[in-house]
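The structure under discussion appears below in the form of C-alpha cells.
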Amino acid sequence: MPKDPVPVLAAHDLNVYYGSFHAVSDVDLDFGRNEITALIGPSGCGKSTVLRCLNRMNDLVSSARVEGSVTYHDQDIYARGVDPIEVRRRIGMVFQLANPFPKSIYDNVAYGPRVTGMKVPDMDDHVEQCLRQAALWDEVKDKLKESGYSLSGGQQQRLCIARTIATQPDVILMDEPCSALDPIATAAIEDLMLELREEYTIIIVTHNMQEAARVADRTAFFTARPDETTGNRTGLLVEYGFTSQIFEHPNDPRTEGYISGQFG
Ligand SMILES: Nc1ncnc2c1ncn2[C@@H]1O[C@H](COP(=O)(O)OP(=O)(O)OP(=O)(O)O)[C@@H](O)[C@H]1O
C-alpha cells in the first residue's frame, strides 16, 4: 500500500456548522482508492458529520453549513452546478440501522437503477450480480419477491449494501454498519467489506476499535475540544495514518489515551 493514499475522495479545510454551533473544525483527509478508512473517536467528535459531508448528505439537514472543499476525482462536489443526487449515486451510503425499502428484495436492488434512469441491459442479471457481490444471493435467490423486511438484521444490512452498489458507485460510506448486529452477522459484514475493497473505496465510522483494527487500512482519530467561552465541543482530526501505526504507535497522546481506554 502506498505511504500516502491515492485519493479518490479528499476533504480540505472542512468546517461544519449546525446553525451557529461549530461542529467540526479544519479537517484535512485524503481517502485512498481501494482502501478501507475508519473514522474513530469519542461520541460527538463529528465522525458522522464528516462522513455525511463526503456525499452531501448534510444538505438534507437544513441547519447544516459546510465550508472548505470535498473533492471526488479532483472535482469539488460542492461546486455550483453539481447535482447532489448524482454525487450520492457515485458515493453511496449504508446506515447504522438497516433500512430496506418496504418492497421486495428484488425491487430494493432494482430501485436505484430504475429511479436514476441507469441503462441496465438485463435487470435480472444486474440484481443477481449485486446480491452476489453483497454475499446475499445464495440466501435469497429463491425468494426474490418476498419483502426485504422478511430478512434477518444482518441480511437486511447486506441487502442495503446490494442496493447501494446497484447504482455503481465507486465509494461506499458506512455509518456504524454493524453496531446493531450480533457477532456472526458483524463478521459477515466485515468479511464483505474486505471483499468489496477490491472494487470500491470504503469509509466507515465505527465505535468498535477491534472492528477498525480488523478491517481498516488507515484510521483517522477524531476528538472534540470545548470552546473556552461557550463550552461547546468542536470536533477535530487528531491523527491519521496506517491503522497499525495508529493502534500500535500513536503519535499523539490523545490518540493513545483513547486507544488504551483512558478516556472517550
Ligand atoms: N442534525 C444536527 N443538528 C444539530 N446538531 C447536530 C446534528 N447532527 C449532529 N449534531 C451535533 O454535532 C456534533 C457532532 O455529531 P456527530 O453525530 O457527527 O458526532 P459523532 O462523532 O458521529 O457521534 P456519535 O459517535 O455519538 O455518533 C454533536 O455535538 C452533535 O450533537
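Residue numbering restarts at 1 for every chain of the C-alpha cells, chains are lettered A, B, ... in their displayed order, and ligands are numbered from 1 as they appear.
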
Which residues, written as an NGL selection string, have at least one atom at most 12 Å from Val50 in chain A, with only C-alpha atoms counted and residues fewer than 4 positions away on the same chain left out?
:A and (10-17 or 23-29 or 38-40 or 44-46 or 54-58 or 64-70 or 173-175 or 203-205 or 220 or 222 or 235-237)

Selected residues written out with N, CA and C atoms, as a tab-separated table (two decimals), in the first residue's frame:
```
chain	number	residue	atom	x	y	z
A	10	ALA	N	-11.32	13.52	-1.19
A	10	ALA	CA	-10.47	14.25	-0.24
A	10	ALA	C	-11.26	15.40	0.36
A	11	ALA	N	-11.04	15.63	1.65
A	11	ALA	CA	-11.65	16.79	2.33
A	11	ALA	C	-10.53	17.75	2.68
A	12	HIS	N	-10.72	19.03	2.37
A	12	HIS	CA	-9.71	20.02	2.71
A	12	HIS	C	-10.34	21.20	3.44
A	13	ASP	N	-9.71	21.55	4.57
A	13	ASP	CA	-10.21	22.67	5.39
A	13	ASP	C	-11.70	22.54	5.66
A	14	LEU	N	-12.15	21.34	5.93
A	14	LEU	CA	-13.59	21.11	6.12
A	14	LEU	C	-14.03	21.62	7.49
A	15	ASN	N	-14.98	22.52	7.46
A	15	ASN	CA	-15.59	23.05	8.69
A	15	ASN	C	-17.10	22.88	8.54
A	16	VAL	N	-17.73	22.39	9.59
A	16	VAL	CA	-19.18	22.18	9.50
A	16	VAL	C	-19.85	22.86	10.69
A	17	TYR	N	-20.92	23.54	10.40
A	17	TYR	CA	-21.71	24.24	11.42
A	17	TYR	C	-23.14	23.73	11.37
A	23	ALA	N	-19.46	22.45	14.59
A	23	ALA	CA	-19.43	21.01	14.94
A	23	ALA	C	-18.09	20.36	14.61
A	24	VAL	N	-17.48	20.79	13.49
A	24	VAL	CA	-16.23	20.17	13.04
A	24	VAL	C	-15.31	21.25	12.50
A	25	SER	N	-14.03	21.16	12.90
A	25	SER	CA	-13.09	22.22	12.54
A	25	SER	C	-11.92	21.69	11.71
A	26	ASP	N	-11.68	22.33	10.57
A	26	ASP	CA	-10.42	22.20	9.80
A	26	ASP	C	-9.97	20.77	9.56
A	27	VAL	N	-10.84	19.97	8.98
A	27	VAL	CA	-10.45	18.58	8.70
A	27	VAL	C	-9.82	18.47	7.31
A	28	ASP	N	-8.66	17.83	7.26
A	28	ASP	CA	-7.99	17.52	6.00
A	28	ASP	C	-7.79	16.02	5.95
A	29	LEU	N	-8.34	15.37	4.95
A	29	LEU	CA	-8.21	13.91	4.84
A	29	LEU	C	-8.22	13.50	3.37
A	38	ALA	N	-11.11	3.96	8.43
A	38	ALA	CA	-12.02	4.03	9.58
A	38	ALA	C	-11.92	5.41	10.22
A	39	LEU	N	-13.08	5.98	10.57
A	39	LEU	CA	-13.13	7.21	11.36
A	39	LEU	C	-13.52	6.79	12.76
A	40	ILE	N	-12.63	7.05	13.73
A	40	ILE	CA	-12.93	6.66	15.11
A	40	ILE	C	-12.78	7.87	16.03
A	44	GLY	N	-19.72	12.27	19.68
A	44	GLY	CA	-19.91	13.71	19.50
A	44	GLY	C	-18.72	14.43	18.89
A	45	CYS	N	-17.68	13.69	18.46
A	45	CYS	CA	-16.50	14.38	17.91
A	45	CYS	C	-16.65	14.67	16.42
A	46	GLY	N	-17.79	14.32	15.83
A	46	GLY	CA	-18.06	14.76	14.46
A	46	GLY	C	-17.80	13.73	13.38
A	54	LEU	N	-19.25	13.90	2.96
A	54	LEU	CA	-18.50	13.32	1.85
A	54	LEU	C	-19.39	12.94	0.67
A	55	ASN	N	-20.71	12.90	0.88
A	55	ASN	CA	-21.60	12.71	-0.28
A	55	ASN	C	-22.79	13.68	-0.23
A	56	ARG	N	-22.56	14.79	0.46
A	56	ARG	CA	-23.56	15.87	0.54
A	56	ARG	C	-24.85	15.43	1.22
A	57	MET	N	-24.75	14.44	2.09
A	57	MET	CA	-25.93	14.03	2.84
A	57	MET	C	-26.34	15.13	3.82
A	58	ASN	N	-25.36	15.95	4.26
A	58	ASN	CA	-25.69	17.04	5.19
A	58	ASN	C	-26.53	18.13	4.53
A	64	ALA	N	-27.43	22.76	8.62
A	64	ALA	CA	-26.01	22.45	8.38
A	64	ALA	C	-25.40	23.36	7.32
A	65	ARG	N	-24.17	23.80	7.60
A	65	ARG	CA	-23.43	24.62	6.63
A	65	ARG	C	-22.02	24.03	6.55
A	66	VAL	N	-21.57	23.82	5.32
A	66	VAL	CA	-20.27	23.19	5.10
A	66	VAL	C	-19.34	24.20	4.45
A	67	GLU	N	-18.14	24.35	5.03
A	67	GLU	CA	-17.12	25.22	4.42
A	67	GLU	C	-15.91	24.36	4.10
A	68	GLY	N	-15.09	24.84	3.15
A	68	GLY	CA	-13.94	24.06	2.71
A	68	GLY	C	-14.32	23.29	1.46
A	69	SER	N	-13.56	22.25	1.14
A	69	SER	CA	-13.90	21.51	-0.07
A	69	SER	C	-13.86	20.02	0.16
A	70	VAL	N	-14.68	19.35	-0.64
A	70	VAL	CA	-14.61	17.88	-0.74
A	70	VAL	C	-14.46	17.58	-2.22
A	173	LEU	N	-19.81	4.81	1.76
A	173	LEU	CA	-19.69	5.34	3.12
A	173	LEU	C	-20.54	4.46	4.02
A	174	MET	N	-20.00	4.08	5.18
A	174	MET	CA	-20.76	3.22	6.09
A	174	MET	C	-20.72	3.84	7.48
A	175	ASP	N	-21.92	4.14	8.01
A	175	ASP	CA	-22.00	4.77	9.32
A	175	ASP	C	-22.38	3.71	10.36
A	203	ILE	N	-15.30	3.98	3.39
A	203	ILE	CA	-15.03	4.81	4.57
A	203	ILE	C	-16.07	4.44	5.61
A	204	ILE	N	-15.59	4.04	6.78
A	204	ILE	CA	-16.51	3.52	7.80
A	204	ILE	C	-16.35	4.30	9.10
A	205	VAL	N	-17.48	4.70	9.69
A	205	VAL	CA	-17.47	5.23	11.05
A	205	VAL	C	-17.74	4.06	11.97
A	220	ALA	N	-8.47	7.30	10.98
A	220	ALA	CA	-8.42	8.71	11.37
A	220	ALA	C	-9.03	8.81	12.76
A	222	PHE	N	-10.48	11.18	15.70
A	222	PHE	CA	-11.05	12.50	15.98
A	222	PHE	C	-11.25	12.66	17.49
A	235	GLY	N	-15.49	19.21	17.01
A	235	GLY	CA	-14.71	18.05	16.61
A	235	GLY	C	-13.50	18.43	15.78
A	236	LEU	N	-12.42	17.68	15.96
A	236	LEU	CA	-11.23	17.92	15.14
A	236	LEU	C	-10.49	16.61	14.89
A	237	LEU	N	-9.76	16.58	13.81
A	237	LEU	CA	-8.96	15.41	13.47
A	237	LEU	C	-7.65	15.49	14.23
```

Among range 91-170 of chain A, which residues carry a DSSP assignment of helix (DSSP H, G or I), reported as an MDAnalysis selection string?
chainID A and resid 105:115 123:133 137:140 148:150 153:165

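Excluding Ser152 in chain A itself and any same-chain residue fewer than 3 positions from it, the protein and nucleic acid residues within 12 Å of it, counting only C-alpha atoms, are Ala98, Asn99, Pro100, Leu136, Glu139, Val140, Ser147, Gly148, Tyr149, Gln155, Gln156, Gln157, Arg158, Leu159, Ala180, Leu181, Asp182, Ile184 and Ala185 of chain A.
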
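Nearest-residue note for Asn251 in chain A: choosing from A:Ile91, A:Phe221, A:Lys119, A:Glu228, the minimum distance belongs to A:Phe221, counting only C-alpha atoms.
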
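Closest approach to ligand 1 among A:Thr229, A:Ser179, A:Ser244, A:Thr37: A:Ser179, based on only C-alpha atoms and all ligand atoms.
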
Going by DSSP on the backbone, which bits of range 84-259 of chain A are strand (DSSP E)? Write them as a compact mmCIF listing (two decimals) with C-alpha atoms, in the first residue's frame, please.
```
# COMPACT_ATOMS: atom_id res chain seq x y z
CA ILE A 91 -20.64 7.94 -3.36
CA GLY A 92 -23.15 5.57 -1.80
CA MET A 93 -24.09 5.26 1.85
CA VAL A 94 -25.03 2.48 4.25
CA VAL A 171 -17.06 4.91 -2.93
CA ILE A 172 -19.22 3.44 -0.14
CA LEU A 173 -19.69 5.34 3.12
CA MET A 174 -20.76 3.22 6.09
CA ASP A 175 -22.00 4.77 9.32
CA THR A 201 -13.19 2.66 -1.69
CA ILE A 202 -14.82 2.30 1.72
CA ILE A 203 -15.03 4.81 4.57
CA ILE A 204 -16.51 3.52 7.80
CA VAL A 205 -17.47 5.23 11.05
CA ARG A 218 -5.96 3.56 7.53
CA THR A 219 -7.58 5.11 10.54
CA ALA A 220 -8.42 8.71 11.37
CA PHE A 221 -8.80 9.56 15.06
CA PHE A 222 -11.05 12.50 15.98
CA THR A 223 -11.69 14.16 19.29
CA ALA A 224 -13.72 17.17 20.48
CA ARG A 225 -12.31 20.32 22.06
CA PRO A 226 -14.53 22.50 24.27
CA ARG A 233 -17.41 20.92 21.85
CA THR A 234 -15.99 21.17 18.34
CA GLY A 235 -14.71 18.05 16.61
CA LEU A 236 -11.23 17.92 15.14
CA LEU A 237 -8.96 15.41 13.47
CA VAL A 238 -6.08 14.46 15.77
CA GLU A 239 -4.18 11.89 13.79
CA TYR A 240 -4.43 9.93 10.55
CA GLY A 241 -2.25 7.06 9.39
CA PHE A 242 -1.96 3.36 8.77
```

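With CA of Glu198 in chain A on one side and CA of Asn34 in chain A on the other, the separation reads 6.0 Å.
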